[in-house]
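S.K.: PDB, C-alpha atoms and all ligand atoms, saved as upload-v2.pdb, coming up:
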```
ATOM      1  CA  MET D1197     104.967 104.596  84.408
ATOM      2  CA  GLN D1198     103.539 107.335  82.370
ATOM      3  CA  ASP D1199     102.172 108.368  79.028
ATOM      4  CA  THR D1200     101.222 111.480  77.240
ATOM      5  CA  GLU D1201      97.940 110.574  75.739
ATOM      6  CA  GLY D1202      94.634 109.764  77.223
ATOM      7  CA  LEU D1203      91.400 109.310  75.605
ATOM      8  CA  VAL D1204      90.146 110.429  72.267
ATOM      9  CA  ALA D1205      86.496 109.943  71.917
ATOM     10  CA  SER D1206      84.081 109.918  69.102
ATOM     11  CA  PRO D1207      81.062 110.679  71.184
ATOM     12  CA  GLY D1208      78.409 109.869  68.669
ATOM     13  CA  PRO D1209      77.614 108.372  65.314
ATOM     14  CA  GLU D1210      78.332 111.629  63.504
ATOM     15  CA  PRO D1211      80.374 110.488  60.460
ATOM     16  CA  ASP D1212      83.289 112.895  60.726
ATOM     17  CA  ARG D1213      83.985 111.881  64.274
ATOM     18  CA  VAL D1214      83.642 108.181  63.643
ATOM     19  CA  ARG D1215      86.085 108.605  60.795
ATOM     20  CA  LEU D1216      88.656 109.557  63.383
ATOM     21  CA  GLY D1217      88.684 106.026  64.708
ATOM     22  CA  THR D1218      91.656 103.916  63.742
ATOM     23  CA  PRO D1219      91.167 100.395  62.487
ATOM     24  CA  VAL D1220      92.464  97.654  64.755
ATOM     25  CA  ASP D1221      92.121  94.278  63.107
ATOM     26  CA  GLY D1222      89.409  95.768  60.938
ATOM     27  CA  VAL D1223      87.507  97.369  63.819
ATOM     28  CA  HIS D1224      87.265 101.105  64.188
ATOM     29  CA  VAL D1225      88.494 102.250  67.542
ATOM     30  CA  LEU D1226      86.422 105.066  68.924
ATOM     31  CA  ALA D1227      88.644 105.935  71.823
ATOM     32  CA  SER D1228      91.786 104.895  73.606
ATOM     33  CA  LEU D1229      92.485 105.095  77.277
ATOM     34  CA  SER D1230      95.598 104.622  79.342
ATOM     35  CA  PRO D1231      95.515 103.877  83.073
ATOM     36  CA  SER D1232      97.220 107.147  83.938
ATOM     37  CA  ARG D1233      94.680 109.244  82.078
ATOM     38  CA  ALA D1234      91.808 107.203  83.509
ATOM     39  CA  ALA D1235      93.323 107.804  86.944
ATOM     40  CA  ASP D1236      93.602 111.522  86.157
ATOM     41  CA  PHE D1237      89.909 111.704  85.422
ATOM     42  CA  ARG D1238      88.983 109.754  88.526
ATOM     43  CA  THR D1239      91.169 112.061  90.590
ATOM     44  CA  CYS D1240      90.062 115.345  89.071
ATOM     45  CA  PRO D1241      88.171 115.787  85.780
ATOM     46  CA  LEU D1242      89.625 119.288  85.381
ATOM     47  CA  LEU D1243      93.145 117.899  85.690
ATOM     48  CA  PHE D1244      92.285 115.415  82.950
ATOM     49  CA  ARG D1245      90.996 118.267  80.790
ATOM     50  CA  PHE D1246      94.152 120.351  81.215
ATOM     51  CA  ARG D1247      96.395 117.406  80.409
ATOM     52  CA  THR D1248      94.431 115.651  77.702
ATOM     53  CA  VAL D1249      92.074 118.132  76.082
ATOM     54  CA  ASP D1250      94.043 121.381  76.418
ATOM     55  CA  ARG D1251      97.346 119.515  76.394
ATOM     56  CA  LEU D1252      98.968 122.168  78.519
ATOM     57  CA  PRO D1253     102.667 121.702  79.113
ATOM     58  CA  GLU D1254     103.864 120.757  82.584
ATOM     59  CA  ALA D1255     107.331 121.375  83.871
ATOM     60  CA  PRO D1256     109.056 118.108  84.761
ATOM     61  CA  SER D1257     109.822 117.651  88.427
ATOM     62  CA  PRO D1258     113.039 116.258  89.898
ATOM     63  CA  GLU D1259     110.981 113.397  91.357
ATOM     64  CA  ALA D1260     109.481 112.461  88.002
ATOM     65  CA  LEU D1261     112.873 112.727  86.346
ATOM     66  CA  ARG D1262     114.394 110.469  88.990
ATOM     67  CA  GLY D1263     111.704 107.934  88.205
ATOM     68  CA  THR D1264     112.590 108.050  84.521
ATOM     69  CA  VAL D1265     116.287 107.493  85.216
ATOM     70  CA  VAL D1266     115.669 104.696  87.711
ATOM     71  CA  HIS D1267     113.257 102.947  85.356
ATOM     72  CA  LYS D1268     115.821 103.109  82.575
ATOM     73  CA  VAL D1269     118.498 101.569  84.765
ATOM     74  CA  LEU D1270     116.152  98.809  85.948
ATOM     75  CA  GLU D1271     115.186  98.071  82.366
ATOM     76  CA  ASP D1272     118.790  97.923  81.146
ATOM     77  CA  LEU D1273     120.015  96.012  84.176
ATOM     78  CA  PHE D1274     118.408  92.852  82.832
ATOM     79  CA  ASP D1275     120.416  93.111  79.622
ATOM     80  CA  LEU D1276     123.486  92.259  81.697
ATOM     81  CA  PRO D1277     124.499  88.680  82.445
ATOM     82  CA  ALA D1278     122.749  87.641  85.657
ATOM     83  CA  LEU D1279     125.831  87.676  87.862
ATOM     84  CA  GLU D1280     126.659  91.265  86.855
ATOM     85  CA  ARG D1281     123.322  92.638  88.118
ATOM     86  CA  THR D1282     124.784  94.027  91.280
ATOM     87  CA  PRO D1283     124.016  97.226  93.221
ATOM     88  CA  GLY D1284     127.354  98.720  92.216
ATOM     89  CA  ARG D1285     126.790  98.011  88.557
ATOM     90  CA  ALA D1286     123.304  99.519  88.708
ATOM     91  CA  GLU D1287     124.644 102.677  90.370
ATOM     92  CA  ASP D1288     127.290 102.941  87.659
ATOM     93  CA  MET D1289     124.500 102.970  85.055
ATOM     94  CA  VAL D1290     122.829 106.064  86.490
ATOM     95  CA  GLN D1291     125.052 108.570  84.697
ATOM     96  CA  ALA D1292     124.464 106.969  81.289
ATOM     97  CA  ALA D1293     120.707 106.846  81.910
ATOM     98  CA  TRP D1294     120.708 110.519  82.872
ATOM     99  CA  GLU D1295     122.617 111.408  79.706
ATOM    100  CA  LEU D1296     120.037 109.541  77.646
ATOM    101  CA  VAL D1297     117.289 111.585  79.297
ATOM    102  CA  LEU D1298     119.236 114.743  78.518
ATOM    103  CA  ASP D1299     119.638 113.721  74.877
ATOM    104  CA  ALA D1300     115.869 113.351  74.613
ATOM    105  CA  GLU D1301     115.007 116.386  76.749
ATOM    106  CA  PRO D1302     117.929 118.854  76.899
ATOM    107  CA  GLU D1303     115.729 121.312  78.784
ATOM    108  CA  ALA D1304     115.713 118.912  81.758
ATOM    109  CA  ALA D1305     119.125 120.321  82.686
ATOM    110  CA  LEU D1306     117.476 123.680  83.421
ATOM    111  CA  MET D1307     115.803 122.146  86.452
ATOM    112  CA  PHE D1308     119.169 122.074  88.200
ATOM    113  CA  SER D1309     120.129 125.665  87.485
ATOM    114  CA  GLY D1310     119.528 128.668  89.738
ATOM    115  CA  ASP D1311     117.505 127.720  92.814
ATOM    116  CA  GLY D1312     116.944 124.183  91.552
ATOM    117  CA  PRO D1313     118.201 121.074  93.317
ATOM    118  CA  ASP D1314     121.864 120.182  93.273
ATOM    119  CA  ILE D1315     122.530 117.793  90.398
ATOM    120  CA  VAL D1316     125.093 115.780  92.366
ATOM    121  CA  GLU D1317     122.651 115.270  95.227
ATOM    122  CA  TRP D1318     119.895 114.428  92.797
ATOM    123  CA  LEU D1319     122.020 111.802  91.040
ATOM    124  CA  ALA D1320     122.846 110.398  94.494
ATOM    125  CA  SER D1321     119.096 110.130  95.172
ATOM    126  CA  CYS D1322     118.729 108.067  91.978
ATOM    127  CA  ARG D1323     121.408 105.719  93.268
ATOM    128  CA  GLU D1324     119.685 105.534  96.626
ATOM    129  CA  SER D1325     116.446 104.447  94.942
ATOM    130  CA  LEU D1326     118.354 101.698  93.196
ATOM    131  CA  ARG D1327     119.856 100.519  96.476
ATOM    132  CA  SER D1328     116.279 100.229  97.787
ATOM    133  CA  TYR D1329     115.458  98.037  94.836
ATOM    134  CA  PHE D1330     118.191  95.575  95.741
ATOM    135  CA  ASP D1331     116.800  95.346  99.276
ATOM    136  CA  LEU D1332     113.555  94.083  97.763
ATOM    137  CA  GLU D1333     114.634  91.811  94.932
ATOM    138  CA  ASP D1334     117.707  90.007  93.714
ATOM    139  CA  PRO D1335     117.785  90.573  89.941
ATOM    140  CA  ARG D1336     120.463  87.888  89.574
ATOM    141  CA  ARG D1337     117.708  85.356  90.251
ATOM    142  CA  LEU D1338     115.220  86.807  87.776
ATOM    143  CA  GLU D1339     114.841  86.554  84.019
ATOM    144  CA  PRO D1340     111.912  88.801  83.061
ATOM    145  CA  ALA D1341     109.925  87.660  80.057
ATOM    146  CA  GLU D1342     109.275  91.254  78.948
ATOM    147  CA  ARG D1343     110.338  94.756  79.981
ATOM    148  CA  GLU D1344     108.802  98.123  79.155
ATOM    149  CA  VAL D1345     106.291  96.296  77.046
ATOM    150  CA  TYR D1346     103.502  98.067  75.196
ATOM    151  CA  VAL D1347     100.177  96.330  75.745
ATOM    152  CA  GLU D1348      96.768  97.031  74.292
ATOM    153  CA  ALA D1349      93.358  95.414  74.171
ATOM    154  CA  LEU D1350      90.226  96.371  72.335
ATOM    155  CA  LEU D1351      87.048  95.950  74.373
ATOM    156  CA  ASP D1352      83.702  95.011  72.843
ATOM    157  CA  SER D1353      82.701  98.643  73.235
ATOM    158  CA  ARG D1354      85.562  99.515  70.824
ATOM    159  CA  LEU D1355      87.395 101.251  73.622
ATOM    160  CA  LEU D1356      91.101 100.586  73.236
ATOM    161  CA  LEU D1357      93.001 100.103  76.490
ATOM    162  CA  ARG D1358      96.714 100.563  76.288
ATOM    163  CA  GLY D1359      99.831 101.347  78.204
ATOM    164  CA  PHE D1360     103.333 100.272  79.092
ATOM    165  CA  VAL D1361     104.095  97.598  81.643
ATOM    166  CA  ASP D1362     107.445  97.840  83.400
ATOM    167  CA  ARG D1363     108.009  94.117  83.643
ATOM    168  CA  ILE D1364     106.248  90.841  82.995
ATOM    169  CA  ASP D1365     107.612  87.660  84.584
ATOM    170  CA  VAL D1366     106.417  84.265  83.427
ATOM    171  CA  ALA D1367     106.953  81.189  85.618
ATOM    172  CA  PRO D1368     107.709  77.778  84.095
ATOM    173  CA  ASP D1369     104.077  76.805  84.674
ATOM    174  CA  GLY D1370     102.916  79.849  82.684
ATOM    175  CA  ALA D1371     101.859  81.945  85.676
ATOM    176  CA  ILE D1372     102.253  85.652  84.965
ATOM    177  CA  ARG D1373     103.478  88.302  87.381
ATOM    178  CA  VAL D1374     103.037  91.945  86.387
ATOM    179  CA  VAL D1375     105.526  94.287  88.035
ATOM    180  CA  ASP D1376     105.566  98.061  88.202
ATOM    181  CA  TYR D1377     108.289 100.151  89.815
ATOM    182  CA  LYS D1378     107.402 103.341  91.642
ATOM    183  CA  SER D1379     110.145 105.725  92.626
ATOM    184  CA  GLY D1380     107.937 107.324  95.276
ATOM    185  CA  SER D1381     106.633 105.925  98.550
ATOM    186  CA  SER D1382     103.802 103.464  98.982
ATOM    187  CA  PRO D1383     100.286 104.803  99.501
ATOM    188  CA  GLY D1384      98.948 105.072 103.000
ATOM    189  CA  VAL D1385      96.464 102.640 104.477
ATOM    190  CA  GLY D1386      93.205 102.820 102.567
ATOM    191  CA  PHE D1387      94.783 104.078  99.334
ATOM    192  CA  GLU D1388      96.130 100.752  98.063
ATOM    193  CA  ALA D1389      93.084 100.086  95.878
ATOM    194  CA  ARG D1390      93.599 103.315  93.967
ATOM    195  CA  ALA D1391      97.267 102.441  93.475
ATOM    196  CA  LEU D1392      96.315  98.996  92.220
ATOM    197  CA  PHE D1393      93.865 100.356  89.647
ATOM    198  CA  GLN D1394      96.698 100.744  87.149
ATOM    199  CA  MET D1395      97.766  97.147  87.736
ATOM    200  CA  ARG D1396      94.238  95.795  87.383
ATOM    201  CA  PHE D1397      93.979  97.754  84.151
ATOM    202  CA  TYR D1398      97.091  96.007  82.817
ATOM    203  CA  ALA D1399      95.884  92.661  84.117
ATOM    204  CA  LEU D1400      92.645  93.174  82.203
ATOM    205  CA  VAL D1401      94.570  93.947  79.017
ATOM    206  CA  ILE D1402      96.742  90.852  79.458
ATOM    207  CA  TRP D1403      93.741  88.667  80.195
ATOM    208  CA  ARG D1404      91.896  89.961  77.145
ATOM    209  CA  THR D1405      94.860  89.512  74.811
ATOM    210  CA  ARG D1406      96.578  86.416  76.199
ATOM    211  CA  GLY D1407      93.680  84.602  77.805
ATOM    212  CA  VAL D1408      95.512  84.308  81.122
ATOM    213  CA  VAL D1409      94.636  86.117  84.327
ATOM    214  CA  PRO D1410      97.939  87.252  85.839
ATOM    215  CA  LYS D1411      98.690  85.377  89.044
ATOM    216  CA  LEU D1412     100.187  88.374  90.814
ATOM    217  CA  LEU D1413     100.234  92.145  90.400
ATOM    218  CA  GLN D1414     103.145  93.736  92.180
ATOM    219  CA  LEU D1415     103.949  97.370  92.868
ATOM    220  CA  ILE D1416     107.509  97.973  94.045
ATOM    221  CA  TYR D1417     107.904 101.281  95.885
ATOM    222  CA  LEU D1418     111.527 102.324  95.928
ATOM    223  CA  GLY D1419     110.871 105.447  97.998
ATOM    224  CA  ASP D1420     110.156 103.498 101.185
ATOM    225  CA  GLY D1421     111.100  99.971 100.187
ATOM    226  CA  GLN D1422     107.572  98.564 100.250
ATOM    227  CA  VAL D1423     105.948  96.033  97.953
ATOM    228  CA  ILE D1424     102.216  95.797  97.381
ATOM    229  CA  GLY D1425     101.032  92.554  95.848
ATOM    230  CA  TYR D1426      97.597  91.529  94.729
ATOM    231  CA  GLU D1427      96.202  88.341  93.195
ATOM    232  CA  PRO D1428      93.381  89.222  90.810
ATOM    233  CA  ASP D1429      90.683  86.897  89.607
ATOM    234  CA  GLU D1430      88.269  87.013  86.701
ATOM    235  CA  ASP D1431      85.570  88.743  88.749
ATOM    236  CA  ASP D1432      88.040  91.473  89.674
ATOM    237  CA  LEU D1433      88.948  92.021  86.069
ATOM    238  CA  ARG D1434      85.335  92.062  84.912
ATOM    239  CA  ALA D1435      84.692  94.714  87.562
ATOM    240  CA  THR D1436      87.739  96.631  86.316
ATOM    241  CA  GLU D1437      86.368  96.499  82.783
ATOM    242  CA  ARG D1438      83.049  97.901  83.979
ATOM    243  CA  LEU D1439      84.852 100.614  85.908
ATOM    244  CA  VAL D1440      87.043 101.593  82.944
ATOM    245  CA  GLU D1441      84.023 101.789  80.674
ATOM    246  CA  ALA D1442      82.169 103.890  83.243
ATOM    247  CA  VAL D1443      85.148 106.262  83.349
ATOM    248  CA  TRP D1444      85.089 106.416  79.573
ATOM    249  CA  ARG D1445      81.388 107.286  79.555
ATOM    250  CA  ALA D1446      81.965 109.969  82.180
ATOM    251  CA  ILE D1447      84.751 111.452  80.056
ATOM    252  CA  GLU D1448      82.472 111.362  77.028
ATOM    253  CA  LEU D1449      79.823 113.233  78.976
ATOM    254  CA  ALA D1450      82.306 115.859  80.130
ATOM    255  CA  ARG D1451      83.539 116.290  76.577
ATOM    256  CA  ALA D1452      79.997 116.639  75.287
ATOM    257  CA  THR D1453      78.947 119.157  77.934
ATOM    258  CA  GLY D1454      82.276 120.928  78.433
ATOM    259  CA  ASP D1455      81.750 120.460  82.160
ATOM    260  CA  TRP D1456      85.107 119.442  83.614
ATOM    261  CA  GLN D1457      84.675 119.693  87.349
ATOM    262  CA  PRO D1458      87.649 120.353  89.623
ATOM    263  CA  ASN D1459      88.006 117.975  92.532
ATOM    264  CA  ARG D1460      90.171 119.453  95.218
ATOM    265  CA  GLY D1461      92.211 116.882  97.109
ATOM    266  CA  TYR D1462      95.671 115.763  98.117
ATOM    267  CA  VAL D1463      96.805 115.678  94.464
ATOM    268  CA  CYS D1464      96.429 119.475  94.274
ATOM    269  CA  ARG D1465      99.708 119.762  96.167
ATOM    270  CA  TRP D1466     101.560 118.499  93.121
ATOM    271  CA  CYS D1467      99.269 119.890  90.435
ATOM    272  CA  SER D1468     100.884 122.217  87.894
ATOM    273  CA  PHE D1469      97.588 123.939  87.179
ATOM    274  CA  GLN D1470      96.727 125.717  90.406
ATOM    275  CA  ASP D1471      97.163 129.096  88.707
ATOM    276  CA  ILE D1472      94.306 128.296  86.295
ATOM    277  CA  CYS D1473      92.139 126.302  88.680
ATOM    278  CA  PRO D1474      88.910 127.708  90.140
ATOM    279  CA  GLU D1475      89.574 125.798  93.378
ATOM    280  CA  PHE D1476      92.464 128.225  93.872
ATOM    281  CA  GLY D1477      90.469 131.293  92.859
ATOM    282  CA  ASN D1478      91.665 131.322  89.264
ATOM    283  CA  GLU D1479      90.018 131.178  85.880
ATOM    284  CA  PRO D1480      90.584 128.233  83.508
ATOM    285  CA  PRO D1481      91.370 129.119  79.887
ATOM    286  CA  PRO D1482      88.551 128.658  77.353
ATOM    287  CA  LEU D1483      88.206 125.165  76.007
ATOM    288  CA  PRO D1484      90.082 124.702  72.751
ATOM    289  CA  ALA D1485      88.103 124.210  69.587
ATOM    290  CA  VAL D1486      87.973 120.552  68.612
ATOM    291  CA  GLU D1487      90.481 119.923  65.881
ATOM    292  CA  PRO D1488      90.174 116.520  64.240
ATOM    293  CA  GLU D1489      93.805 116.610  63.092
ATOM    294  CA  ARG D1490      94.774 117.085  66.684
ATOM    295  CA  ASP D1491      92.774 114.052  67.725
ATOM    296  CA  LEU D1492      94.207 111.631  65.252
ATOM    297  CA  PRO D1493      97.656 111.077  66.761
ATOM    298  CA  LEU D1494      96.062 110.111  70.038
ATOM    299  CA  VAL D1495      94.694 106.927  68.572
ATOM    300  CA  GLU D1496      97.691 104.704  68.181
ATOM    301  CA  ILE D1497      97.739 100.994  67.721
ATOM    302  CA  SER D1498     100.223  98.202  67.231
ATOM    303  CA  GLY D1499     102.549  99.103  64.442
ATOM    304  CA  ALA D1500     102.188 102.785  65.135
ATOM    305  CA  THR D1501     104.708 104.670  67.195
ATOM    306  CA  PRO D1502     103.778 103.988  70.796
ATOM    307  CA  VAL D1503     103.463 106.799  73.225
ATOM    308  CA  PRO D1504     106.224 107.128  75.820
ATOM    309  CA  PRO D1505     105.664 105.480  79.182
ATOM    310  CA  ASP D1506     104.271 107.399  82.095
ATOM    311  CA  LEU D1507     106.643 109.224  84.329
ATOM    312  CA  PRO D1508     106.693 107.161  87.455
ATOM    313  CA  ALA D1509     104.780 108.386  90.415
TER
HETATM  314  S1  LIG U1601      94.676 122.104  91.447
HETATM  315 FE1  LIG U1601      93.500 120.360  92.236
HETATM  316  S2  LIG U1601      91.355 120.772  91.706
HETATM  317 FE2  LIG U1601      92.671 122.118  90.451
HETATM  318  S3  LIG U1601      92.985 121.024  88.517
HETATM  319 FE3  LIG U1601      94.696 120.527  89.855
HETATM  320  S4  LIG U1601      94.079 118.630  90.892
HETATM  321 FE4  LIG U1601      92.224 119.543  90.035
END
```
What do you get writing this file as structure tokens?
Ligand code: SF4
M.R.:
Amino acid sequence: MQDTEGLVASPGPEPDRVRLGTPVDGVHVLASLSPSRAADFRTCPLLFRFRTVDRLPEAPSPEALRGTVVHKVLEDLFDLPALERTPGRAEDMVQAAWELVLDAEPEAALMFSGDGPDIVEWLASCRESLRSYFDLEDPRRLEPAEREVYVEALLDSRLLLRGFVDRIDVAPDGAIRVVDYKSGSSPGVGFEARALFQMRFYALVIWRTRGVVPKLLQLIYLGDGQVIGYEPDEDDLRATERLVEAVWRAIELARATGDWQPNRGYVCRWCSFQDICPEFGNEPPPLPAVEPERDLPLVEISGATPVPPDLPA
């Protein structure tokens, strides 16, 4: 899952900046944070800067696009009567999902021109991901309570947490399962905690807004057919809240000082910004001047147009 915004901060009591906050139930929100942008900052502050402060465009990748198409099919699949949720029916839905993506982003077609991947093979890879899904779950036996649901929670610090959850299942006894689909492969041993950060973030939001700690957080990796599950408890979610607020403070500090440190690591392999990254011998562009008008759309709340979901990893 994916989103375009990250965090907009009002770093101090200076009136013009506070004015940028958006009221939520009468409270002024000073900043909003999605799990993907928080993860960006934890991975590499400079990456966060390029995406969220500079808002530099990034070319979509075939992998990210496949995730978008597969997510769309998995969302729409549950609109069908239960018995029609078959692998064949899901594969038939790929073309329509791809056309919807093209309607929204006609430039996506350019990815398959010239030296780009073959569109037929790429569409086949979308269908393959869906076949993996059916090896892991039988959607005929599931009735999700919510799909692609926008969630948000305002912390006492007036930090607004928000994002899109792929699927929420609710058992007859009220137990909640939060499910996220990943079109890529599962993380290696030792990297599960980082992968689960996003899910703990959503669990925290659900706990804060619904008063129920989700029973199970589940990441479904279609790339290698693995499922990672985790049962959070209140202590976990309190720790997540402290972590998220610490990330927020670190972002605030970077914004205030203009010091966005690069952090070279495995993510660099997929980073669009190597040609402006000092870790690769290049010079970042100057920081943009702060433009309040530019900040405002980043603070969105219920009733406002939600940001699109993250492109799946
Ligand atoms: S290339 Fe690596 S170090 Fe540079 S901005 Fe991207 S993720 Fe950060």
S.K.: Please give me, as number ranges by chain, the residues lying within 6 Å of ligand LIG 1601 (chain U) when counting only C-alpha atoms and all ligand atoms.
M.R.: D: 1240, 1242-1243, 1458-1460, 1463-1464, 1467, 1469-1470, 1473, 1475
S.K.: Please compute the atom CA of Glu1388 of chain D-atom CA of Leu1418 of chain D distance, one decimal, in Å.
M.R.: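 We find that atom CA of Glu1388 of chain D and atom CA of Leu1418 of chain D lie 15.6 Å from each other.
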S.K.: Would you please work out which residue, of D:Leu1355, D:Gly1386, D:Pro1258, D:Asp1455, is nearest to Gly1312 of chain D when using all atoms listed in the file?
M.R.: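 Of D:Leu1355, D:Gly1386, D:Pro1258, D:Asp1455, the one nearest Gly1312 of chain D is D:Pro1258, counting all atoms listed in the file.
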S.K.: Atom CA of Gln1422 of chain D and atom CA of Arg1323 of chain D, how far apart in Å?
M.R.: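 Atom-to-atom, atom CA of Arg1323 of chain D to atom CA of Gln1422 of chain D, that is 17.1 Å.
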S.K.: Using Å and a single decimal, report how far atom CA of Pro1335 of chain D sits from atom CA of Pro1283 of chain D.
M.R.: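 Between these atoms lies a distance of 9.7 Å.
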S.K.: Assuming the chain letters and numbering stay as they are in my file, what does the PyMOL selection byres (((chain D and resi 1296-1311) around 9) and not hetatm) actually select? List them as a CSV table (one decimal) with C-alpha atoms, in the frame of the given file.
M.R.:
```csv
chain,number,residue,atom,x,y,z
D,1255,ALA,CA,107.3,121.4,83.9
D,1256,PRO,CA,109.1,118.1,84.8
D,1257,SER,CA,109.8,117.7,88.4
D,1258,PRO,CA,113.0,116.3,89.9
D,1261,LEU,CA,112.9,112.7,86.3
D,1264,THR,CA,112.6,108.0,84.5
D,1265,VAL,CA,116.3,107.5,85.2
D,1291,GLN,CA,125.1,108.6,84.7
D,1292,ALA,CA,124.5,107.0,81.3
D,1293,ALA,CA,120.7,106.8,81.9
D,1294,TRP,CA,120.7,110.5,82.9
D,1295,GLU,CA,122.6,111.4,79.7
D,1312,GLY,CA,116.9,124.2,91.6
D,1313,PRO,CA,118.2,121.1,93.3
D,1314,ASP,CA,121.9,120.2,93.3
D,1315,ILE,CA,122.5,117.8,90.4
D,1318,TRP,CA,119.9,114.4,92.8
```
S.K.: Check which residues satisfy the PyMOL selection byres (((chain D and resi 1272-1277) around 9) and not hetatm) in the file shown, then give them as a list of chain:residue names.
M.R.: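 That expression, the PyMOL selection byres (((chain D and resi 1272-1277) around 9) and not hetatm), corresponds here to D:His1267, D:Lys1268, D:Val1269, D:Leu1270, D:Glu1271, D:Ala1278, D:Leu1279, D:Glu1280, D:Arg1281, D:Thr1282, D:Arg1285, D:Ala1286, D:Met1289, D:Pro1335, D:Arg1336, D:Leu1338, D:Glu1339, D:Pro1340, D:Arg1343.
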S.K.: Taking all atoms listed in the file into account, produce a table as a Markdown table in which each residue of segment 1333-1364 of chain D with an atom at most 12 Å from an atom of segment 1434-1439 of chain D appears once, together with its shortest atom pair and the distance in Å to one decimal, ordered by chain and rising number.
M.R.:
```
| residue | atom | partner | partner_atom | distance |
| --- | --- | --- | --- | --- |
| D:Ala1349 | CA | D:Glu1437 | CA | 11.1 |
| D:Leu1350 | CA | D:Glu1437 | CA | 11.1 |
| D:Leu1351 | CA | D:Glu1437 | CA | 8.5 |
| D:Asp1352 | CA | D:Glu1437 | CA | 10.4 |
| D:Ser1353 | CA | D:Glu1437 | CA | 10.5 |
| D:Leu1355 | CA | D:Glu1437 | CA | 10.4 |
| D:Leu1356 | CA | D:Glu1437 | CA | 11.4 |
| D:Leu1357 | CA | D:Glu1437 | CA | 9.8 |
```
S.K.: If we count only C-alpha atoms and set the cut-off at 12 Å, which residues sit around Asp1331 of chain D, ignoring sequence neighbours fewer than 3 positions away in its own chain? Please answer as a list of chain:residue names.
M.R.: D:Thr1282, D:Pro1283, D:Glu1324, D:Ser1325, D:Leu1326, D:Arg1327, D:Ser1328, D:Asp1334, D:Pro1335, D:Ile1416, D:Tyr1417, D:Leu1418, D:Gly1419, D:Asp1420, D:Gly1421, D:Gln1422, D:Val1423
S.K.: Evaluate the PyMOL selection byres (((chain D and resi 1413) around 6) and not hetatm) on the structure here and hand back the selected residues as a ChimeraX atom specification.
M.R.: /D:1373-1374,1412,1414,1425-1426
